[in-house]
Amino acid sequence: MNEPLIIAIPSKGRLKEQVEEWLADCGLPVKIAGGARGYSAALEGLADVQVRLLSAADIAAALWSGEVHLGITGEDLLREQGEGLESRIMLLQALGVGRADLVVAAPKSWIDVERMSDVDDVAHLYLARTGRRLRVATKYLAQTRAFFARHGVADYRIVESGGATEGAPASGAAELVVDITTTGATLEANGLKVLDDGVILKSQAQLAASLTAAWDEDQAQAAQRLLRILEARRRAKRLSSLTWPPEHDARAREATQTFVLNGAQVRANGLLVPSGDIFAVSDALAAAGVEPATVTTPQFVFQAQREAAETLIRKLRTN
């Protein structure tokens with residue numbers, strides 16, 4: 001029996017709900033094995049795909065090590081795995097959910113510290129005055145080190161946070177924090193401010209592929225089928241289908257020629273156009289006396305070219 005394609009999705013929390021809603025919207029509802037508390041599942045309609053439910057952090061680690069073929073987790077967690085992400089993991093599709101920023105935050109009382117260059121100055125002074133390096137509390141060690149290095153900040157040390165990072169300055173455990181934030185409200189409540197150039201990463205949930213996993217031809221084909229469906233759904237959300245009466249086809253073609261030249265796709269007695277162009281197209285048809293024109297929203301728009309799937313296959317063949 002052929003081994004299935006393995007995709008890992010979050011096992012709990014708001015991200016789990018958002019990922020399952022996204023998959024259901026793509027026509028692939030998740031069916032949990034063993035009841036609501038099960039840790040394996042399937043995607044309805046794709047018998048050759050096995051779903052594993054893991055924590056978001058464990059998904060990132062499993063993609064890095066090659067224990068799963070595909071996974072959905074936060075980009076912040078993927079980039080925290082270490083250097084050389086692009087050689088081990090391919091980001092396939094941003095989901096538009098699970099948005100959060102990884103930021104450098106300082107106490108509001110540091111009125112002269114607004115940028116990373118100010119942190120560098122303060123770090124030098126702190127070391128000279130106390131003989132100790134400025135402390136930065138974070139769970140994101142790899143990205144903190146890389147970001148501080150890019151800004152030339154060296155006189156600091158990381159205090160690895162095991163709890164509520166934003167409380168470290170108030171408790172005296174650290175002077176600065178690097179943490180994830182969605183609205184900034186928690187940082188604000190703890191008397192912290194985000195530096196003007198202190199956004200390390202604007203993160204969101206990503207569908208990613210492991211380039212270190214053991215892929216066979218069947219698993220690669222299963223991934224192509226899955227990605228084809230996901231891409232078709234994403235494409236459909238950006239497009240609308242507009243049709244007109246067959247007897248007005250010649251006049252309508254002439255009236256909408258500009259839109260076709262700009263990328264609208266010709267259909268029988270109609271066009272497939274970016275949703276933002278619908279009103280402009282309808283105005284052009286009305287001016288040409290073409291009516292009625294009707295608009296529908298497609299569920300899926302499948303095309304022969306599948307960018308994410310084809311790029312993944314090329315990368316797997318070169319690994």
# chains A, B, ... in the order shown; residues from 1 in each chain; ligands from 1
call {"tool": "residues_around", "arguments": {"residues": "A:Leu226", "least_positions_apart": "6", "cutoff": "9 Å", "atoms": "only C-alpha atoms", "output": "list of chain:residue names"}}
result
A:Leu46, A:Val49, A:Ala309
call {"tool": "write_last_selection", "arguments": {"atoms": "N, CA, C and O atoms", "output": "compact mmCIF listing (two decimals), in the first residue's frame"}}
result
# COMPACT_ATOMS: atom_id res chain seq x y z
N LEU A 46 -10.02 13.56 -0.41
CA LEU A 46 -8.64 13.25 -0.75
C LEU A 46 -8.20 12.06 0.09
O LEU A 46 -7.63 12.20 1.18
N VAL A 49 -4.42 11.53 1.43
CA VAL A 49 -3.83 12.56 2.31
C VAL A 49 -4.19 12.22 3.75
O VAL A 49 -5.35 12.02 4.09
N ALA A 309 2.41 24.45 -7.15
CA ALA A 309 2.65 23.02 -7.33
C ALA A 309 3.86 22.76 -8.23
O ALA A 309 4.70 21.91 -7.92
call {"tool": "residues_around", "arguments": {"residues": "A:Ala268", "least_positions_apart": "5", "cutoff": "9 Å", "atoms": "only C-alpha atoms", "output": "PyMOL selection string"}}
result
chain A and resi 243+246+249
call {"tool": "write_last_selection", "arguments": {"atoms": "all heavy atoms", "output": "mmCIF file, in the first residue's frame"}}
result
data_model
loop_
_atom_site.group_PDB
_atom_site.id
_atom_site.type_symbol
_atom_site.label_atom_id
_atom_site.label_comp_id
_atom_site.auth_asym_id
_atom_site.auth_seq_id
_atom_site.Cartn_x
_atom_site.Cartn_y
_atom_site.Cartn_z
ATOM 1 N N THR A 243 -21.559 37.614 -17.834
ATOM 2 C CA THR A 243 -22.090 37.098 -19.096
ATOM 3 C C THR A 243 -23.119 38.061 -19.676
ATOM 4 O O THR A 243 -23.731 38.848 -18.956
ATOM 5 C CB THR A 243 -22.752 35.718 -18.893
ATOM 6 O OG1 THR A 243 -23.806 35.843 -17.918
ATOM 7 C CG2 THR A 243 -21.741 34.694 -18.402
ATOM 8 N N PRO A 246 -26.238 36.066 -25.975
ATOM 9 C CA PRO A 246 -25.474 35.649 -27.157
ATOM 10 C C PRO A 246 -25.680 36.567 -28.365
ATOM 11 O O PRO A 246 -24.748 36.784 -29.149
ATOM 12 C CB PRO A 246 -26.007 34.239 -27.447
ATOM 13 C CG PRO A 246 -26.562 33.769 -26.150
ATOM 14 C CD PRO A 246 -27.081 34.982 -25.454
ATOM 15 N N ASP A 249 -23.145 39.399 -28.641
ATOM 16 C CA ASP A 249 -21.758 38.997 -28.384
ATOM 17 C C ASP A 249 -20.745 39.868 -29.118
ATOM 18 O O ASP A 249 -19.759 40.321 -28.532
ATOM 19 C CB ASP A 249 -21.563 37.525 -28.771
ATOM 20 C CG ASP A 249 -20.246 36.976 -28.269
ATOM 21 O OD1 ASP A 249 -19.994 37.070 -27.049
ATOM 22 O OD2 ASP A 249 -19.446 36.464 -29.072
#
call {"tool": "residues_around", "arguments": {"residues": "A:Val119", "least_positions_apart": "2", "cutoff": "12 Å", "atoms": "only C-alpha atoms", "output": "NGL selection string"}}
result
:A and (104-107 or 110-117 or 121-126 or 133-136 or 148 or 151-156 or 175-177 or 195-198)
call {"tool": "residues_around", "arguments": {"residues": "A:Gly27", "least_positions_apart": "4", "cutoff": "9 Å", "atoms": "only C-alpha atoms", "output": "mmCIF file with C-alpha atoms, in the first residue's frame"}}
result
data_model
loop_
_atom_site.group_PDB
_atom_site.id
_atom_site.type_symbol
_atom_site.label_atom_id
_atom_site.label_comp_id
_atom_site.auth_asym_id
_atom_site.auth_seq_id
_atom_site.Cartn_x
_atom_site.Cartn_y
_atom_site.Cartn_z
ATOM 1 C CA TRP A 22 -10.105 27.771 5.412
ATOM 2 C CA LEU A 23 -9.901 24.131 4.346
ATOM 3 C CA GLU A 44 -12.797 14.832 2.737
ATOM 4 C CA GLY A 45 -12.396 13.956 -0.927
ATOM 5 C CA ILE A 229 -7.619 22.796 -5.452
ATOM 6 C CA LEU A 230 -6.258 25.425 -3.055
ATOM 7 C CA ARG A 233 -10.173 28.480 -4.728
#
call {"tool": "residues_around", "arguments": {"residues": "A:Ala8", "least_positions_apart": "3", "cutoff": "8 Å", "atoms": "only C-alpha atoms", "output": "mmCIF file with N, CA, C and O atoms, in the first residue's frame"}}
result
data_model
loop_
_atom_site.group_PDB
_atom_site.id
_atom_site.type_symbol
_atom_site.label_atom_id
_atom_site.label_comp_id
_atom_site.auth_asym_id
_atom_site.auth_seq_id
_atom_site.Cartn_x
_atom_site.Cartn_y
_atom_site.Cartn_z
ATOM 1 N N VAL A 51 -3.961 13.604 7.708
ATOM 2 C CA VAL A 51 -3.804 14.834 8.484
ATOM 3 C C VAL A 51 -3.337 14.484 9.894
ATOM 4 O O VAL A 51 -3.896 13.585 10.535
ATOM 5 N N ARG A 52 -2.305 15.181 10.355
ATOM 6 C CA ARG A 52 -1.862 15.052 11.744
ATOM 7 C C ARG A 52 -2.123 16.365 12.466
ATOM 8 O O ARG A 52 -1.840 17.441 11.930
ATOM 9 N N LEU A 53 -2.646 16.273 13.673
ATOM 10 C CA LEU A 53 -2.915 17.457 14.474
ATOM 11 C C LEU A 53 -1.813 17.611 15.512
ATOM 12 O O LEU A 53 -1.626 16.747 16.385
ATOM 13 N N LEU A 54 -1.051 18.700 15.386
ATOM 14 C CA LEU A 54 0.087 18.979 16.261
ATOM 15 C C LEU A 54 0.003 20.413 16.743
ATOM 16 O O LEU A 54 -0.740 21.234 16.186
ATOM 17 N N ILE A 59 4.584 21.661 14.523
ATOM 18 C CA ILE A 59 4.455 21.606 13.059
ATOM 19 C C ILE A 59 5.690 22.208 12.398
ATOM 20 O O ILE A 59 6.243 21.653 11.445
ATOM 21 N N VAL A 68 6.925 15.495 8.304
ATOM 22 C CA VAL A 68 5.680 15.642 7.539
ATOM 23 C C VAL A 68 6.017 16.270 6.192
ATOM 24 O O VAL A 68 7.055 16.920 6.041
ATOM 25 N N LEU A 70 3.722 18.368 4.358
ATOM 26 C CA LEU A 70 3.143 19.703 4.335
ATOM 27 C C LEU A 70 2.701 20.065 5.750
ATOM 28 O O LEU A 70 2.447 19.195 6.584
ATOM 29 N N GLY A 71 2.584 21.356 6.005
ATOM 30 C CA GLY A 71 2.105 21.788 7.311
ATOM 31 C C GLY A 71 1.615 23.214 7.247
ATOM 32 O O GLY A 71 2.016 23.989 6.366
ATOM 33 N N ILE A 72 0.743 23.560 8.181
ATOM 34 C CA ILE A 72 0.230 24.929 8.279
ATOM 35 C C ILE A 72 0.542 25.448 9.672
ATOM 36 O O ILE A 72 0.077 24.889 10.679
#
call {"tool": "atom_distance", "arguments": {"atom1": "atom CA of A:Ile278", "atom2": "atom CA of A:Arg235"}}
result
15.8 Å
call {"tool": "select_by_dssp", "arguments": {"residues": "stretch 187-310 of chain A", "states": "alpha helix (DSSP H)", "output": "short mmCIF file (atom, residue, chain, number, x, y, z; two decimals) with all heavy atoms, in the first residue's frame"}}
result
data_model
loop_
_atom_site.label_atom_id
_atom_site.label_comp_id
_atom_site.auth_asym_id
_atom_site.auth_seq_id
_atom_site.Cartn_x
_atom_site.Cartn_y
_atom_site.Cartn_z
N LEU A 187 1.36 44.89 24.98
CA LEU A 187 2.58 45.67 25.17
C LEU A 187 2.24 47.01 25.81
O LEU A 187 2.91 47.46 26.75
CB LEU A 187 3.27 45.89 23.82
CG LEU A 187 3.81 44.64 23.12
CD1 LEU A 187 4.38 45.01 21.75
CD2 LEU A 187 4.90 43.97 23.96
N GLU A 188 1.19 47.64 25.31
CA GLU A 188 0.74 48.93 25.85
C GLU A 188 0.40 48.80 27.34
O GLU A 188 0.78 49.65 28.16
CB GLU A 188 -0.49 49.40 25.08
CG GLU A 188 -1.11 50.69 25.56
CD GLU A 188 -0.40 51.93 25.06
OE1 GLU A 188 0.35 51.82 24.07
OE2 GLU A 188 -0.60 52.99 25.66
N ALA A 189 -0.29 47.74 27.69
CA ALA A 189 -0.70 47.54 29.09
C ALA A 189 0.48 47.34 30.01
O ALA A 189 0.39 47.59 31.22
CB ALA A 189 -1.65 46.36 29.18
N GLU A 217 6.77 9.48 -5.68
CA GLU A 217 6.00 10.04 -6.79
C GLU A 217 4.52 10.18 -6.44
O GLU A 217 3.88 11.16 -6.80
CB GLU A 217 6.16 9.17 -8.04
CG GLU A 217 5.57 9.78 -9.30
CD GLU A 217 6.21 11.11 -9.69
OE1 GLU A 217 7.41 11.31 -9.42
OE2 GLU A 217 5.48 11.97 -10.26
N ASP A 218 3.99 9.20 -5.73
CA ASP A 218 2.57 9.26 -5.34
C ASP A 218 2.30 10.43 -4.40
O ASP A 218 1.28 11.12 -4.52
CB ASP A 218 2.15 7.95 -4.67
CG ASP A 218 2.09 6.79 -5.64
OD1 ASP A 218 1.81 7.03 -6.84
OD2 ASP A 218 2.33 5.65 -5.22
N GLN A 219 3.19 10.65 -3.46
CA GLN A 219 3.01 11.77 -2.53
C GLN A 219 3.15 13.11 -3.24
O GLN A 219 2.41 14.05 -2.94
CB GLN A 219 4.03 11.64 -1.39
CG GLN A 219 3.76 10.46 -0.47
CD GLN A 219 4.97 10.02 0.31
OE1 GLN A 219 6.10 10.40 0.00
NE2 GLN A 219 4.76 9.18 1.32
N ALA A 220 4.07 13.19 -4.19
CA ALA A 220 4.22 14.43 -4.96
C ALA A 220 2.95 14.70 -5.78
O ALA A 220 2.50 15.85 -5.86
CB ALA A 220 5.44 14.32 -5.88
N GLN A 221 2.37 13.66 -6.37
CA GLN A 221 1.14 13.84 -7.14
C GLN A 221 -0.03 14.24 -6.24
O GLN A 221 -0.86 15.07 -6.61
CB GLN A 221 0.81 12.56 -7.90
CG GLN A 221 1.75 12.29 -9.07
CD GLN A 221 1.38 11.03 -9.83
OE1 GLN A 221 0.35 10.41 -9.58
NE2 GLN A 221 2.22 10.65 -10.79
N ALA A 222 -0.09 13.66 -5.02
CA ALA A 222 -1.13 14.03 -4.08
C ALA A 222 -1.00 15.50 -3.68
O ALA A 222 -2.00 16.21 -3.55
CB ALA A 222 -1.07 13.13 -2.84
N ALA A 223 0.24 15.95 -3.50
CA ALA A 223 0.47 17.36 -3.18
C ALA A 223 0.03 18.25 -4.33
O ALA A 223 -0.57 19.31 -4.11
CB ALA A 223 1.94 17.59 -2.85
N GLN A 224 0.31 17.84 -5.55
CA GLN A 224 -0.12 18.61 -6.72
C GLN A 224 -1.64 18.74 -6.77
O GLN A 224 -2.16 19.82 -7.06
CB GLN A 224 0.40 17.96 -8.00
CG GLN A 224 1.87 18.22 -8.28
CD GLN A 224 2.28 17.64 -9.63
OE1 GLN A 224 2.22 16.45 -9.86
NE2 GLN A 224 2.70 18.52 -10.52
N ARG A 225 -2.34 17.64 -6.50
CA ARG A 225 -3.80 17.70 -6.52
C ARG A 225 -4.33 18.64 -5.44
O ARG A 225 -5.24 19.43 -5.69
CB ARG A 225 -4.38 16.29 -6.32
CG ARG A 225 -4.28 15.41 -7.55
CD ARG A 225 -5.13 14.16 -7.40
NE ARG A 225 -4.65 13.29 -6.34
CZ ARG A 225 -3.71 12.36 -6.50
NH1 ARG A 225 -3.13 12.19 -7.70
NH2 ARG A 225 -3.34 11.60 -5.49
N LEU A 226 -3.77 18.54 -4.26
CA LEU A 226 -4.20 19.41 -3.16
C LEU A 226 -3.93 20.87 -3.49
O LEU A 226 -4.82 21.73 -3.34
CB LEU A 226 -3.47 19.01 -1.88
CG LEU A 226 -3.67 19.93 -0.67
CD1 LEU A 226 -5.13 20.01 -0.28
CD2 LEU A 226 -2.81 19.46 0.50
N LEU A 227 -2.74 21.16 -3.98
CA LEU A 227 -2.39 22.55 -4.29
C LEU A 227 -3.22 23.09 -5.45
O LEU A 227 -3.55 24.28 -5.48
CB LEU A 227 -0.89 22.66 -4.61
CG LEU A 227 0.05 22.41 -3.43
CD1 LEU A 227 1.50 22.40 -3.89
CD2 LEU A 227 -0.15 23.46 -2.35
N ARG A 228 -3.56 22.22 -6.39
CA ARG A 228 -4.41 22.64 -7.51
C ARG A 228 -5.77 23.12 -7.01
O ARG A 228 -6.30 24.14 -7.46
CB ARG A 228 -4.58 21.48 -8.49
CG ARG A 228 -5.42 21.80 -9.72
CD ARG A 228 -5.32 20.67 -10.73
NE ARG A 228 -6.15 20.95 -11.90
CZ ARG A 228 -7.38 20.47 -12.08
NH1 ARG A 228 -7.92 19.67 -11.17
NH2 ARG A 228 -8.06 20.78 -13.16
N ILE A 229 -6.32 22.40 -6.03
CA ILE A 229 -7.62 22.80 -5.45
C ILE A 229 -7.48 24.11 -4.69
O ILE A 229 -8.30 25.03 -4.84
CB ILE A 229 -8.13 21.68 -4.52
CG1 ILE A 229 -8.47 20.42 -5.33
CG2 ILE A 229 -9.36 22.16 -3.73
CD1 ILE A 229 -8.71 19.20 -4.47
N LEU A 230 -6.44 24.22 -3.86
CA LEU A 230 -6.26 25.42 -3.05
C LEU A 230 -6.02 26.65 -3.94
O LEU A 230 -6.55 27.74 -3.67
CB LEU A 230 -5.09 25.23 -2.09
CG LEU A 230 -5.23 24.08 -1.08
CD1 LEU A 230 -3.98 23.98 -0.22
CD2 LEU A 230 -6.47 24.26 -0.21
N GLU A 231 -5.23 26.49 -4.98
CA GLU A 231 -4.96 27.61 -5.89
C GLU A 231 -6.22 28.00 -6.64
O GLU A 231 -6.48 29.19 -6.87
CB GLU A 231 -3.85 27.25 -6.88
CG GLU A 231 -2.47 27.20 -6.24
CD GLU A 231 -1.38 26.88 -7.26
OE1 GLU A 231 -1.65 26.94 -8.47
OE2 GLU A 231 -0.25 26.58 -6.82
N ALA A 232 -7.02 27.01 -7.06
CA ALA A 232 -8.25 27.31 -7.79
C ALA A 232 -9.24 28.08 -6.92
O ALA A 232 -9.93 28.99 -7.40
CB ALA A 232 -8.89 26.02 -8.29
N ARG A 233 -9.28 27.74 -5.64
CA ARG A 233 -10.17 28.48 -4.73
C ARG A 233 -9.66 29.90 -4.50
O ARG A 233 -10.44 30.86 -4.50
CB ARG A 233 -10.29 27.73 -3.41
CG ARG A 233 -11.18 28.41 -2.38
CD ARG A 233 -12.57 28.60 -2.89
NE ARG A 233 -13.43 29.28 -1.94
CZ ARG A 233 -14.44 30.08 -2.27
NH1 ARG A 233 -14.73 30.31 -3.53
NH2 ARG A 233 -15.17 30.63 -1.34
N ARG A 234 -8.36 30.04 -4.31
CA ARG A 234 -7.78 31.38 -4.10
C ARG A 234 -7.99 32.25 -5.34
O ARG A 234 -8.34 33.43 -5.23
CB ARG A 234 -6.29 31.27 -3.79
CG ARG A 234 -5.62 32.62 -3.56
CD ARG A 234 -4.20 32.49 -3.11
NE ARG A 234 -3.35 31.78 -4.04
CZ ARG A 234 -2.03 31.68 -3.92
NH1 ARG A 234 -1.43 32.23 -2.88
NH2 ARG A 234 -1.32 31.01 -4.80
N ARG A 235 -7.81 31.66 -6.51
CA ARG A 235 -8.00 32.40 -7.76
C ARG A 235 -9.46 32.85 -7.91
O ARG A 235 -9.75 33.98 -8.32
CB ARG A 235 -7.59 31.51 -8.93
CG ARG A 235 -7.41 32.20 -10.27
CD ARG A 235 -6.97 31.22 -11.32
NE ARG A 235 -5.64 30.69 -11.06
CZ ARG A 235 -5.37 29.40 -10.86
NH1 ARG A 235 -6.35 28.50 -10.88
NH2 ARG A 235 -4.13 29.01 -10.64
N ALA A 236 -10.38 31.96 -7.54
CA ALA A 236 -11.81 32.26 -7.69
C ALA A 236 -12.23 33.45 -6.83
O ALA A 236 -13.12 34.22 -7.21
CB ALA A 236 -12.64 31.04 -7.33
N LYS A 237 -11.59 33.61 -5.67
CA LYS A 237 -11.96 34.71 -4.78
C LYS A 237 -11.60 36.07 -5.34
O LYS A 237 -12.13 37.09 -4.90
CB LYS A 237 -11.29 34.51 -3.41
CG LYS A 237 -11.90 33.38 -2.60
CD LYS A 237 -11.32 33.35 -1.20
CE LYS A 237 -12.06 32.36 -0.34
NZ LYS A 237 -11.58 32.37 1.06
N ASP A 249 -23.15 39.40 -28.64
CA ASP A 249 -21.76 39.00 -28.38
C ASP A 249 -20.75 39.87 -29.12
O ASP A 249 -19.76 40.32 -28.53
CB ASP A 249 -21.56 37.52 -28.77
CG ASP A 249 -20.25 36.98 -28.27
OD1 ASP A 249 -19.99 37.07 -27.05
OD2 ASP A 249 -19.45 36.46 -29.07
N ALA A 250 -20.96 40.13 -30.40
CA ALA A 250 -19.99 40.91 -31.17
C ALA A 250 -19.84 42.32 -30.60
O ALA A 250 -18.72 42.83 -30.43
CB ALA A 250 -20.41 40.96 -32.64
N ARG A 251 -20.98 42.94 -30.28
CA ARG A 251 -20.94 44.30 -29.73
C ARG A 251 -20.26 44.31 -28.35
O ARG A 251 -19.49 45.21 -28.02
CB ARG A 251 -22.36 44.83 -29.62
CG ARG A 251 -22.43 46.35 -29.48
CD ARG A 251 -23.86 46.80 -29.22
NE ARG A 251 -24.82 46.12 -30.10
CZ ARG A 251 -26.11 46.08 -29.87
NH1 ARG A 251 -26.62 46.63 -28.77
NH2 ARG A 251 -26.92 45.46 -30.70
N ALA A 252 -20.53 43.27 -27.56
CA ALA A 252 -19.94 43.19 -26.22
C ALA A 252 -18.44 42.97 -26.30
O ALA A 252 -17.67 43.55 -25.52
CB ALA A 252 -20.60 42.05 -25.44
N ARG A 253 -17.99 42.15 -27.26
CA ARG A 253 -16.55 41.90 -27.42
C ARG A 253 -15.82 43.21 -27.74
O ARG A 253 -14.75 43.49 -27.20
CB ARG A 253 -16.30 40.90 -28.53
CG ARG A 253 -16.86 39.51 -28.28
CD ARG A 253 -16.08 38.76 -27.25
NE ARG A 253 -16.68 37.45 -26.98
CZ ARG A 253 -16.65 36.85 -25.81
NH1 ARG A 253 -16.05 37.44 -24.78
NH2 ARG A 253 -17.21 35.68 -25.62
N GLU A 254 -16.42 43.99 -28.60
CA GLU A 254 -15.79 45.27 -28.98
C GLU A 254 -15.76 46.23 -27.78
O GLU A 254 -14.76 46.90 -27.54
CB GLU A 254 -16.57 45.90 -30.13
CG GLU A 254 -15.94 47.19 -30.65
CD GLU A 254 -16.70 47.76 -31.83
OE1 GLU A 254 -17.65 47.11 -32.30
OE2 GLU A 254 -16.35 48.88 -32.26
N ALA A 255 -16.84 46.25 -27.01
CA ALA A 255 -16.92 47.17 -25.88
C ALA A 255 -15.96 46.80 -24.75
O ALA A 255 -15.54 47.67 -23.97
CB ALA A 255 -18.35 47.20 -25.34
N GLN A 257 -12.95 45.13 -25.15
CA GLN A 257 -11.63 44.78 -25.67
C GLN A 257 -10.50 45.28 -24.76
O GLN A 257 -9.51 44.59 -24.54
CB GLN A 257 -11.46 45.33 -27.09
CG GLN A 257 -10.14 44.92 -27.75
CD GLN A 257 -10.02 45.43 -29.16
OE1 GLN A 257 -10.80 46.28 -29.59
NE2 GLN A 257 -9.06 44.93 -29.91
N THR A 258 -10.65 46.48 -24.21
CA THR A 258 -9.61 47.05 -23.35
C THR A 258 -9.38 46.17 -22.12
O THR A 258 -8.24 45.96 -21.68
CB THR A 258 -10.00 48.47 -22.89
OG1 THR A 258 -10.14 49.30 -24.05
CG2 THR A 258 -8.95 49.05 -21.96
N PHE A 259 -10.46 45.64 -21.57
CA PHE A 259 -10.34 44.80 -20.38
C PHE A 259 -9.64 43.48 -20.70
O PHE A 259 -8.87 42.96 -19.89
CB PHE A 259 -11.72 44.54 -19.77
CG PHE A 259 -12.40 45.79 -19.31
CD1 PHE A 259 -13.34 46.43 -20.12
CD2 PHE A 259 -12.08 46.36 -18.09
CE1 PHE A 259 -13.96 47.59 -19.71
CE2 PHE A 259 -12.70 47.53 -17.66
CZ PHE A 259 -13.65 48.16 -18.48
N VAL A 260 -9.91 42.95 -21.90
CA VAL A 260 -9.24 41.72 -22.32
C VAL A 260 -7.74 41.96 -22.47
O VAL A 260 -6.91 41.15 -22.04
CB VAL A 260 -9.84 41.19 -23.63
CG1 VAL A 260 -9.05 39.98 -24.15
CG2 VAL A 260 -11.30 40.80 -23.42
N LEU A 261 -7.39 43.10 -23.05
CA LEU A 261 -5.97 43.44 -23.20
C LEU A 261 -5.28 43.59 -21.85
O LEU A 261 -4.08 43.39 -21.73
CB LEU A 261 -5.82 44.73 -24.02
CG LEU A 261 -6.24 44.63 -25.49
CD1 LEU A 261 -6.20 46.01 -26.15
CD2 LEU A 261 -5.35 43.65 -26.25
N ILE A 278 -15.63 44.82 -12.21
CA ILE A 278 -16.99 44.48 -12.64
C ILE A 278 -17.81 45.71 -12.99
O ILE A 278 -18.49 45.77 -14.03
CB ILE A 278 -17.70 43.65 -11.55
CG1 ILE A 278 -17.23 42.19 -11.63
CG2 ILE A 278 -19.21 43.69 -11.69
CD1 ILE A 278 -17.63 41.50 -12.92
N PHE A 279 -17.78 46.74 -12.17
CA PHE A 279 -18.61 47.92 -12.43
C PHE A 279 -18.15 48.65 -13.68
O PHE A 279 -18.96 49.15 -14.47
CB PHE A 279 -18.62 48.85 -11.23
CG PHE A 279 -19.26 48.25 -10.01
CD1 PHE A 279 -18.77 48.53 -8.75
CD2 PHE A 279 -20.35 47.40 -10.12
CE1 PHE A 279 -19.35 47.97 -7.62
CE2 PHE A 279 -20.94 46.84 -9.00
CZ PHE A 279 -20.44 47.12 -7.75
N ALA A 280 -16.84 48.72 -13.89
CA ALA A 280 -16.32 49.38 -15.08
C ALA A 280 -16.72 48.61 -16.34
O ALA A 280 -17.10 49.21 -17.37
CB ALA A 280 -14.80 49.51 -14.99
N VAL A 281 -16.66 47.28 -16.30
CA VAL A 281 -17.07 46.46 -17.45
C VAL A 281 -18.56 46.64 -17.72
O VAL A 281 -18.99 46.80 -18.88
CB VAL A 281 -16.74 44.97 -17.21
CG1 VAL A 281 -17.28 44.12 -18.36
CG2 VAL A 281 -15.24 44.77 -17.07
N SER A 282 -19.35 46.66 -16.65
CA SER A 282 -20.81 46.81 -16.84
C SER A 282 -21.14 48.18 -17.43
O SER A 282 -22.05 48.31 -18.26
CB SER A 282 -21.54 46.61 -15.51
OG SER A 282 -21.22 47.63 -14.58
N ASP A 283 -20.37 49.21 -17.05
CA ASP A 283 -20.58 50.55 -17.63
C ASP A 283 -20.27 50.54 -19.12
O ASP A 283 -21.00 51.14 -19.93
CB ASP A 283 -19.69 51.58 -16.93
CG ASP A 283 -20.17 51.91 -15.52
OD1 ASP A 283 -21.33 51.60 -15.20
OD2 ASP A 283 -19.38 52.49 -14.75
N ALA A 284 -19.18 49.85 -19.49
CA ALA A 284 -18.81 49.78 -20.91
C ALA A 284 -19.87 49.04 -21.72
O ALA A 284 -20.20 49.44 -22.85
CB ALA A 284 -17.45 49.09 -21.05
N LEU A 285 -20.42 47.98 -21.15
CA LEU A 285 -21.47 47.24 -21.85
C LEU A 285 -22.74 48.07 -21.97
O LEU A 285 -23.39 48.08 -23.03
CB LEU A 285 -21.77 45.94 -21.10
CG LEU A 285 -20.66 44.88 -21.13
CD1 LEU A 285 -20.99 43.74 -20.17
CD2 LEU A 285 -20.46 44.34 -22.55
N ALA A 286 -23.08 48.78 -20.90
CA ALA A 286 -24.28 49.62 -20.95
C ALA A 286 -24.15 50.70 -22.01
O ALA A 286 -25.11 51.01 -22.74
CB ALA A 286 -24.53 50.25 -19.57
N ALA A 287 -22.95 51.30 -22.11
CA ALA A 287 -22.72 52.34 -23.11
C ALA A 287 -22.85 51.80 -24.52
O ALA A 287 -23.22 52.53 -25.45
CB ALA A 287 -21.34 52.96 -22.91
N GLU A 307 1.23 27.40 -10.31
CA GLU A 307 2.54 27.96 -9.95
C GLU A 307 3.14 27.29 -8.72
O GLU A 307 4.28 26.83 -8.74
CB GLU A 307 2.41 29.46 -9.72
CG GLU A 307 3.74 30.13 -9.41
CD GLU A 307 3.59 31.63 -9.25
OE1 GLU A 307 2.53 32.18 -9.61
OE2 GLU A 307 4.54 32.25 -8.76
N ALA A 308 2.39 27.24 -7.61
CA ALA A 308 2.95 26.69 -6.37
C ALA A 308 3.31 25.22 -6.54
O ALA A 308 4.38 24.77 -6.12
CB ALA A 308 1.96 26.86 -5.23
N ALA A 309 2.41 24.45 -7.15
CA ALA A 309 2.65 23.02 -7.33
C ALA A 309 3.86 22.76 -8.23
O ALA A 309 4.70 21.91 -7.92
CB ALA A 309 1.41 22.35 -7.91
N GLU A 310 3.95 23.50 -9.32
CA GLU A 310 5.06 23.29 -10.25
C GLU A 310 6.39 23.69 -9.64
O GLU A 310 7.41 23.03 -9.83
CB GLU A 310 4.79 24.07 -11.54
CG GLU A 310 3.62 23.48 -12.34
CD GLU A 310 3.16 24.37 -13.48
OE1 GLU A 310 3.76 25.46 -13.64
OE2 GLU A 310 2.22 23.99 -14.19
#
call {"tool": "atom_distance", "arguments": {"atom1": "atom CA of A:Leu92", "atom2": "atom CA of A:Arg145"}}
result
26.1 Å
call {"tool": "atom_distance", "arguments": {"atom1": "atom CA of A:Pro169", "atom2": "atom CA of A:Arg129"}}
result
18.7 Å
call {"tool": "residues_around", "arguments": {"residues": "A:Glu86", "least_positions_apart": "4", "cutoff": "12 Å", "atoms": "only C-alpha atoms", "output": "PyMOL selection string"}}
result
chain A and resi 63-64+78-79+81-82+90-92+208-212+312+315+319
call {"tool": "residues_around", "arguments": {"residues": "A:Leu102", "least_positions_apart": "2", "cutoff": "8 Å", "atoms": "only C-alpha atoms", "output": "MDAnalysis selection string"}}
result
chainID A and resid 76 100 104 178:181 199:203
call {"tool": "select_by_dssp", "arguments": {"residues": "stretch 123-200 of chain A", "states": "strand (DSSP E or B)", "output": "count of residues only"}}
result
25
